[in-house]
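Structure data follow from query_14.cif (mmCIF, C-alpha atoms and all ligand atoms):
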data_query
#
loop_
_atom_site.label_atom_id
_atom_site.label_comp_id
_atom_site.auth_asym_id
_atom_site.auth_seq_id
_atom_site.Cartn_x
_atom_site.Cartn_y
_atom_site.Cartn_z
CA MET A 209 -18.83 0.89 4.33
CA VAL A 210 -17.25 2.50 7.37
CA ALA A 211 -19.85 1.29 9.85
CA VAL A 212 -20.43 -2.22 8.53
CA GLN A 213 -17.17 -3.26 6.90
CA LEU A 214 -14.66 -1.39 9.07
CA ARG A 215 -15.89 -0.34 12.52
CA ALA A 216 -17.96 -3.47 13.12
CA ARG A 217 -14.93 -5.61 12.24
CA GLY A 218 -12.68 -3.93 14.75
CA ILE A 219 -11.04 -1.01 12.94
CA ALA A 220 -10.94 1.49 15.79
CA ASP A 221 -8.58 4.23 14.64
CA GLU A 222 -10.80 7.25 14.14
CA ARG A 223 -8.25 8.92 11.87
CA ILE A 224 -8.49 6.02 9.43
CA LEU A 225 -12.27 5.74 9.68
CA GLY A 226 -12.56 9.49 9.12
CA ALA A 227 -10.20 9.50 6.13
CA MET A 228 -12.07 6.62 4.49
CA ALA A 229 -15.44 8.23 5.16
CA GLU A 230 -14.23 11.42 3.47
CA LEU A 231 -12.71 9.87 0.34
CA PRO A 232 -15.05 9.25 -2.62
CA ARG A 233 -13.89 5.67 -3.38
CA GLU A 234 -15.95 5.58 -6.59
CA ARG A 235 -13.58 8.15 -8.11
CA PHE A 236 -10.79 5.55 -7.94
CA LEU A 237 -12.63 3.15 -10.25
CA ASP A 238 -13.36 3.31 -13.98
CA PRO A 239 -16.79 4.85 -14.70
CA GLY A 240 -18.26 1.46 -15.65
CA ASP A 241 -17.15 -0.12 -12.36
CA ARG A 242 -18.24 2.61 -9.95
CA GLY A 243 -21.10 0.47 -8.69
CA LEU A 244 -18.42 -1.76 -7.12
CA ALA A 245 -16.84 1.05 -5.11
CA TYR A 246 -18.39 0.19 -1.74
CA GLN A 247 -18.62 -3.58 -2.08
CA ASP A 248 -16.89 -5.68 0.57
CA ALA A 249 -14.27 -6.99 -1.84
CA ALA A 250 -11.41 -5.97 -4.10
CA ALA A 251 -12.45 -4.43 -7.42
CA PRO A 252 -10.82 -4.30 -10.86
CA ILE A 253 -8.88 -1.27 -12.09
CA ALA A 254 -7.06 -0.80 -15.40
CA GLU A 255 -4.16 -2.98 -16.62
CA GLY A 256 -5.52 -6.14 -14.95
CA GLN A 257 -4.82 -4.76 -11.46
CA THR A 258 -7.08 -4.28 -8.44
CA ILE A 259 -8.05 -1.79 -5.75
CA SER A 260 -7.97 -3.65 -2.43
CA GLN A 261 -11.01 -4.48 -0.31
CA PRO A 262 -11.82 -1.51 1.98
CA TYR A 263 -11.23 -3.58 5.12
CA ILE A 264 -7.76 -4.61 3.94
CA VAL A 265 -6.85 -0.97 3.19
CA ALA A 266 -7.98 0.04 6.69
CA ARG A 267 -6.28 -2.91 8.39
CA MET A 268 -2.95 -2.40 6.63
CA THR A 269 -3.05 1.30 7.45
CA GLU A 270 -3.78 0.50 11.09
CA LEU A 271 -0.96 -2.06 11.26
CA LEU A 272 1.51 0.48 9.91
CA GLN A 273 1.06 2.57 13.08
CA VAL A 274 2.09 5.85 11.55
CA ALA A 275 1.41 9.38 12.75
CA ALA A 276 0.81 12.71 11.04
CA GLY A 277 4.02 14.02 9.52
CA ASP A 278 5.58 10.55 9.16
CA ARG A 279 7.15 9.65 5.81
CA VAL A 280 5.65 6.51 4.29
CA LEU A 281 6.81 4.49 1.28
CA GLU A 282 4.12 2.61 -0.62
CA ILE A 283 4.91 -0.02 -3.24
CA GLY A 284 2.02 -0.48 -5.69
CA THR A 285 0.16 2.79 -6.29
CA GLY A 286 -2.58 1.16 -8.38
CA SER A 287 -5.56 3.52 -8.25
CA GLY A 288 -3.94 5.74 -5.61
CA TYR A 289 -6.63 4.94 -3.02
CA GLN A 290 -4.34 3.51 -0.32
CA ALA A 291 -1.97 6.46 -0.80
CA ALA A 292 -4.89 8.88 -0.44
CA VAL A 293 -5.98 7.20 2.81
CA LEU A 294 -2.43 7.54 4.15
CA ALA A 295 -2.38 11.20 3.12
CA GLY A 296 -5.78 11.61 4.77
CA ILE A 297 -4.28 10.70 8.15
CA GLY A 298 -1.54 13.26 7.62
CA THR A 299 1.43 11.21 6.45
CA LYS A 300 3.71 12.16 3.57
CA VAL A 301 3.61 9.41 0.98
CA ARG A 302 5.97 8.38 -1.79
CA SER A 303 4.34 5.67 -3.87
CA PHE A 304 5.95 3.52 -6.58
CA GLU A 305 4.01 2.05 -9.50
CA ARG A 306 5.61 0.00 -12.28
CA VAL A 307 2.80 0.52 -14.85
CA ALA A 308 3.06 3.97 -16.43
CA ALA A 309 -0.64 4.29 -17.30
CA LEU A 310 -1.65 3.56 -13.70
CA ALA A 311 0.91 5.96 -12.24
CA GLU A 312 -0.27 8.76 -14.53
CA ALA A 313 -3.97 8.10 -13.92
CA ALA A 314 -3.40 8.08 -10.16
CA ARG A 315 -1.49 11.38 -10.34
CA VAL A 316 -4.34 13.02 -12.29
CA ARG A 317 -6.96 11.54 -9.93
CA LEU A 318 -5.27 12.66 -6.71
CA ASP A 319 -4.71 16.12 -8.17
CA ALA A 320 -8.39 16.41 -9.13
CA LEU A 321 -9.41 15.33 -5.63
CA GLY A 322 -7.06 17.85 -4.04
CA VAL A 323 -5.07 15.14 -2.25
CA ARG A 324 -1.72 16.62 -1.20
CA ASN A 325 1.39 14.95 0.16
CA VAL A 326 1.47 12.03 -2.27
CA GLU A 327 4.39 11.77 -4.67
CA ILE A 328 3.94 9.05 -7.28
CA ARG A 329 7.03 7.60 -8.93
CA LEU A 330 7.20 5.30 -11.90
CA GLY A 331 9.47 2.30 -11.47
CA ASP A 332 10.21 -0.96 -9.70
CA GLY A 333 9.57 -0.44 -6.01
CA SER A 334 10.32 -4.02 -4.98
CA VAL A 335 13.71 -2.95 -3.64
CA GLY A 336 12.29 0.16 -2.00
CA ASP A 337 13.79 3.59 -2.30
CA PRO A 338 17.12 4.00 -0.49
CA ASP A 339 17.25 7.70 -1.40
CA GLY A 340 14.34 8.42 0.92
CA ALA A 341 15.34 6.00 3.69
CA PRO A 342 14.94 5.61 6.56
CA TRP A 343 11.15 5.42 6.19
CA ASP A 344 8.72 5.76 9.11
CA GLY A 345 6.59 3.07 7.49
CA ILE A 346 6.64 0.91 4.35
CA ILE A 347 3.49 -0.64 2.91
CA VAL A 348 3.55 -3.09 0.02
CA THR A 349 0.19 -3.57 -1.69
CA ALA A 350 1.24 -6.44 -3.95
CA ALA A 351 2.24 -9.99 -3.02
CA ALA A 352 5.94 -10.75 -2.58
CA PRO A 353 7.52 -14.24 -2.68
CA SER A 354 9.60 -13.30 0.41
CA VAL A 355 10.36 -10.18 2.45
CA PRO A 356 12.81 -8.09 0.42
CA ASP A 357 15.94 -7.42 2.53
CA ALA A 358 16.18 -3.94 1.04
CA LEU A 359 12.81 -3.02 2.57
CA ARG A 360 13.82 -4.22 6.06
CA ASP A 361 17.01 -2.18 5.79
CA GLN A 362 15.15 0.98 4.79
CA LEU A 363 12.97 1.04 7.92
CA ALA A 364 13.68 3.62 10.62
CA ILE A 365 14.20 2.18 14.12
CA GLY A 366 10.70 1.54 15.52
CA ALA A 367 9.09 1.63 12.06
CA ARG A 368 7.01 -1.10 10.47
CA LEU A 369 6.82 -2.83 7.11
CA VAL A 370 3.40 -4.27 6.20
CA ILE A 371 3.60 -6.76 3.34
CA PRO A 372 1.70 -9.76 1.93
CA VAL A 373 4.14 -12.66 1.50
CA GLY A 374 3.58 -16.16 0.22
CA ARG A 375 2.49 -18.08 -2.83
CA ARG A 376 1.31 -16.40 -5.97
CA HIS A 377 -2.41 -16.83 -5.22
CA LEU A 378 -2.46 -16.90 -1.39
CA GLN A 379 -0.35 -14.97 1.07
CA THR A 380 0.01 -14.09 4.74
CA LEU A 381 -0.05 -10.45 5.77
CA LEU A 382 3.20 -9.85 7.66
CA VAL A 383 4.21 -7.00 9.93
CA ILE A 384 7.97 -6.53 10.30
CA GLU A 385 9.06 -4.10 12.99
CA ARG A 386 12.61 -2.83 13.26
CA ARG A 387 13.54 -2.83 16.94
CA SER A 388 17.21 -1.86 16.54
CA PRO A 389 19.72 -1.58 13.66
CA SER A 390 20.07 -5.38 13.66
CA ASP A 391 16.82 -6.66 15.21
CA TRP A 392 13.48 -7.10 13.44
CA THR A 393 10.34 -8.82 14.77
CA GLU A 394 7.78 -10.48 12.53
CA THR A 395 4.09 -11.12 13.18
CA SER A 396 1.49 -12.78 10.96
CA GLU A 397 -1.88 -11.12 10.54
CA GLY A 398 -3.74 -13.79 8.60
CA PRO A 399 -4.38 -14.82 5.01
CA VAL A 400 -4.77 -12.33 2.16
CA VAL A 401 -4.83 -12.44 -1.62
CA PHE A 402 -2.99 -9.80 -3.66
CA VAL A 403 -1.83 -9.44 -7.24
CA PRO A 404 1.88 -10.24 -7.57
CA LEU A 405 4.74 -7.89 -6.82
CA LEU A 406 6.88 -7.99 -9.95
CA GLY A 407 10.46 -6.83 -10.32
CA GLU A 408 13.90 -7.38 -8.84
CA ALA A 409 12.71 -8.59 -5.40
CA GLY A 410 9.35 -9.77 -6.70
CA TRP A 411 8.16 -12.58 -8.91
CA GLU A 412 10.03 -11.73 -12.10
CA PRO A 413 13.70 -10.94 -12.50
CA SER A 414 13.19 -8.44 -15.31
CA HIS A 415 11.48 -5.13 -14.81
CA PRO A 416 11.27 -1.70 -16.43
CA ALA A 417 14.09 0.69 -15.70
CA ARG A 418 13.64 2.94 -12.70
CA ALA A 419 12.46 6.41 -13.45
CA SER A 420 10.81 9.04 -11.35
N1 LIG A 501 -2.62 0.29 -3.45
C1 LIG A 501 -3.42 0.19 -4.63
C2 LIG A 501 -4.70 0.95 -4.55
O1 LIG A 501 -4.98 1.54 -3.49
O2 LIG A 501 -5.41 1.01 -5.55
C3 LIG A 501 -3.68 -1.24 -5.03
C4 LIG A 501 -2.46 -1.90 -5.52
S1 LIG A 501 -2.70 -3.24 -6.63
C5 LIG A 501 -3.35 -4.45 -5.59
C6 LIG A 501 -0.98 -3.69 -6.85
C7 LIG A 501 -0.20 -2.71 -7.69
O3 LIG A 501 1.18 -3.00 -7.53
C8 LIG A 501 -0.49 -2.79 -9.17
O4 LIG A 501 -0.88 -1.54 -9.65
C9 LIG A 501 0.84 -3.23 -9.76
O5 LIG A 501 1.09 -2.71 -11.05
C10 LIG A 501 1.83 -2.71 -8.74
N2 LIG A 501 3.14 -3.34 -8.72
C11 LIG A 501 3.45 -4.65 -8.83
N3 LIG A 501 4.78 -4.82 -8.72
C12 LIG A 501 5.33 -3.60 -8.53
C13 LIG A 501 6.66 -3.12 -8.34
N4 LIG A 501 7.72 -3.93 -8.33
N5 LIG A 501 6.85 -1.80 -8.16
C14 LIG A 501 5.80 -0.93 -8.18
N6 LIG A 501 4.52 -1.33 -8.36
C15 LIG A 501 4.28 -2.65 -8.52
#

How does the structure come out when it is put into C-alpha cells?
Amino acid sequence: MVAVQLRARGIADERILGAMAELPRERFLDPGDRGLAYQDAAAPIAEGQTISQPYIVARMTELLQVAAGDRVLEIGTGSGYQAAVLAGIGTKVRSFERVAALAEAARVRLDALGVRNVEIRLGDGSVGDPDGAPWDGIIVTAAAPSVPDALRDQLAIGARLVIPVGRRHLQTLLVIERRSPSDWTETSEGPVVFVPLLGEAGWEPSHPARAS
C-alpha cells in the first residue's frame, strides 16, 4: 500500500508514510471486511459509513501541514484511522463523531492499539469546537455543502482547514489557510467523494445534541 498507492503517487512525507506503514489498517474494519483493508479504495464500516481510501488519508494529512505537538481537530471519526495516522505523526487530536456506536468502537479500537493523543467526542462537529480553538489544523472527513464559517474562525494564524466541499455525491477537496485574523486563502486539490457531513453546518438542520 505504502509503496504503490502512496509513494508512487507522490506522497513524500516520510512521517506520514511511516505512520501508515506502522498502523494495521485491517483492525479498523469489521472482521468480515478485513480483506478490503489494503485495497486502493474506500471501504465500508458500520452504520453505512466508510473508511477513506489510503491515498486520500495520506493526501489530506499532507495538505494539513502539521507538526508534532500541534493540536488538530478532526470532524468525522468514523473508524478512527485518520485520527490514528495524525497521532502517528505526533499531533494531538480531538475528533468528533455524531454516531455513538462509531465513536465508542473507535475509542475501544485506538485503546487496544495503544494509540495515544486522540480524544474522541460524541456530537455534531460541523461547527467545530470553539472551546479548543484556535486549532493548528482542522480536517473534515465528510462532505460539506459549503465551508462552515465557524471552522475558518477556529483556525490559528498560519493553520489550514482541509475539507471536501460540493454536491452530495461529488466534491472538491479544498485547503483554506488563515493568513491573518481577517485573511484566508483557498486552493482546490481536485475531485473527491465523501459521505455527507450532517448537522448544523452540514446537510441537515437537525442533529443530535452535543455531548462529550
Ligand atoms: N475519518 C474516518 C476514518 O478514518 O475512518 C472516515 C470518516 S467517514 C468518511 C465520515 C464520518 O463523518 C462518519 O463516521 C459520519 O458519521 C461522520 N459525520 C458526519 N457528519 C458529522 C458531524 N456533523 N459531526 C461529526 N461527525 C460527522

Task: Local residues around (6.8, 5.8, -1.3), at most 12 Å away, using all atoms listed in the file, as a PyMOL selection string - done: chain A and resi 278-285+288+290-291+294-295+299-305+325-349+359+362+420

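Atom CA of Ala211 of chain A to atom CA of Gln273 of chain A spans 21.2 Å [interatomic distance, one decimal].
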
Open item on the list: Residues near Thr393 of chain A, anyone? I mean within 7 Å using only C-alpha atoms, not counting same-chain ones fewer than 3 positions away, as a VMD selection string.
Closed with: chain A and resid 384 to 386

TODO: Name the closest residue to Glu312 of chain A among the candidates A:Pro252, A:Pro404, A:Pro262, A:Gly286; distances are taken between atoms, counting only C-alpha atoms.
DONE: A:Gly286

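Taking atom CA of Arg375 of chain A as the reference point, atom C8 of ligand LIG 501 (chain A) is found at 16.8 Å.
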
- [ ] Work out how far apart atom CA of Glu222 of chain A and atom CA of Ile264 of chain A are and give it in Å to one decimal.
- [x] 15.9 Å

TODO: Could you check which of A:Asp319, A:Asp391, A:Glu255, A:Asp248 is closest to ligand LIG 501 (chain A), using only C-alpha atoms and all ligand atoms?
DONE: A:Glu255

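In terms of minimum interatomic distance to ligand LIG 501 (chain A), A:Ala292 ranks closest within A:Ala292, A:Ile297, A:Val355, A:Val210, counting all atoms listed in the file.
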
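Comparing A:Phe402, A:Trp411, A:Tyr263, A:Phe236 by their smallest distance to His377 of chain A, the closest is A:Phe402 (using all atoms listed in the file).
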
Open item on the list: I'd like the contact shell of Pro353 of chain A - 12 Å cut-off, all atoms listed in the file, skipping same-chain residues fewer than 3 positions apart - returned as a PyMOL selection string.
Closed with: chain A and resi 334+350+356+371-381+402-412

Once you have the residues from the selection above, write them out as a short mmCIF file (atom, residue, chain, number, x, y, z; two decimals), in the frame of the given file, restricted to C-alpha atoms.
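Saved result, again-v6.cif, follows:
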data_model
loop_
_atom_site.label_atom_id
_atom_site.label_comp_id
_atom_site.auth_asym_id
_atom_site.auth_seq_id
_atom_site.Cartn_x
_atom_site.Cartn_y
_atom_site.Cartn_z
CA SER A 334 10.32 -4.02 -4.98
CA ALA A 350 1.24 -6.44 -3.95
CA PRO A 356 12.81 -8.09 0.42
CA ILE A 371 3.60 -6.76 3.34
CA PRO A 372 1.70 -9.76 1.93
CA VAL A 373 4.14 -12.66 1.50
CA GLY A 374 3.58 -16.16 0.22
CA ARG A 375 2.49 -18.08 -2.83
CA ARG A 376 1.31 -16.40 -5.97
CA HIS A 377 -2.41 -16.83 -5.22
CA LEU A 378 -2.46 -16.90 -1.39
CA GLN A 379 -0.35 -14.97 1.07
CA THR A 380 0.01 -14.09 4.74
CA LEU A 381 -0.05 -10.45 5.77
CA PHE A 402 -2.99 -9.80 -3.66
CA VAL A 403 -1.83 -9.44 -7.24
CA PRO A 404 1.88 -10.24 -7.57
CA LEU A 405 4.74 -7.89 -6.82
CA LEU A 406 6.88 -7.99 -9.95
CA GLY A 407 10.46 -6.83 -10.32
CA GLU A 408 13.90 -7.38 -8.84
CA ALA A 409 12.71 -8.59 -5.40
CA GLY A 410 9.35 -9.77 -6.70
CA TRP A 411 8.16 -12.58 -8.91
CA GLU A 412 10.03 -11.73 -12.10
#

- [ ] Could you tell me which of A:Ile219, A:Met209, A:Val401, A:Ala367 comes closest to ligand LIG 501 (chain A) if we count all atoms listed in the file?
- [x] A:Val401

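With all atoms listed in the file as the atoms that count, the residue of A:Gly366, A:Ala351, A:Asp238, A:Ser390 with the shortest distance to Ala254 of chain A is A:Asp238.
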
How big is the axis-aligned box around the listed atoms of segment 392-407 of chain A once 6 Å is added on each side, and where is its centre? Give both in Å to one decimal, as AutoDock Vina command-line options.
--center_x 4.3 --center_y -10.8 --center_z 2.2 --size_x 30.3 --size_y 20.0 --size_z 37.1

- [ ] Would you be able to write out as an MDAnalysis selection string which residues have an atom within 12 Å of (-19.7, 8.6, 4.5) in the file's coordinates, counting all atoms listed in the file?
- [x] chainID A and resid 209:212 225:233 246
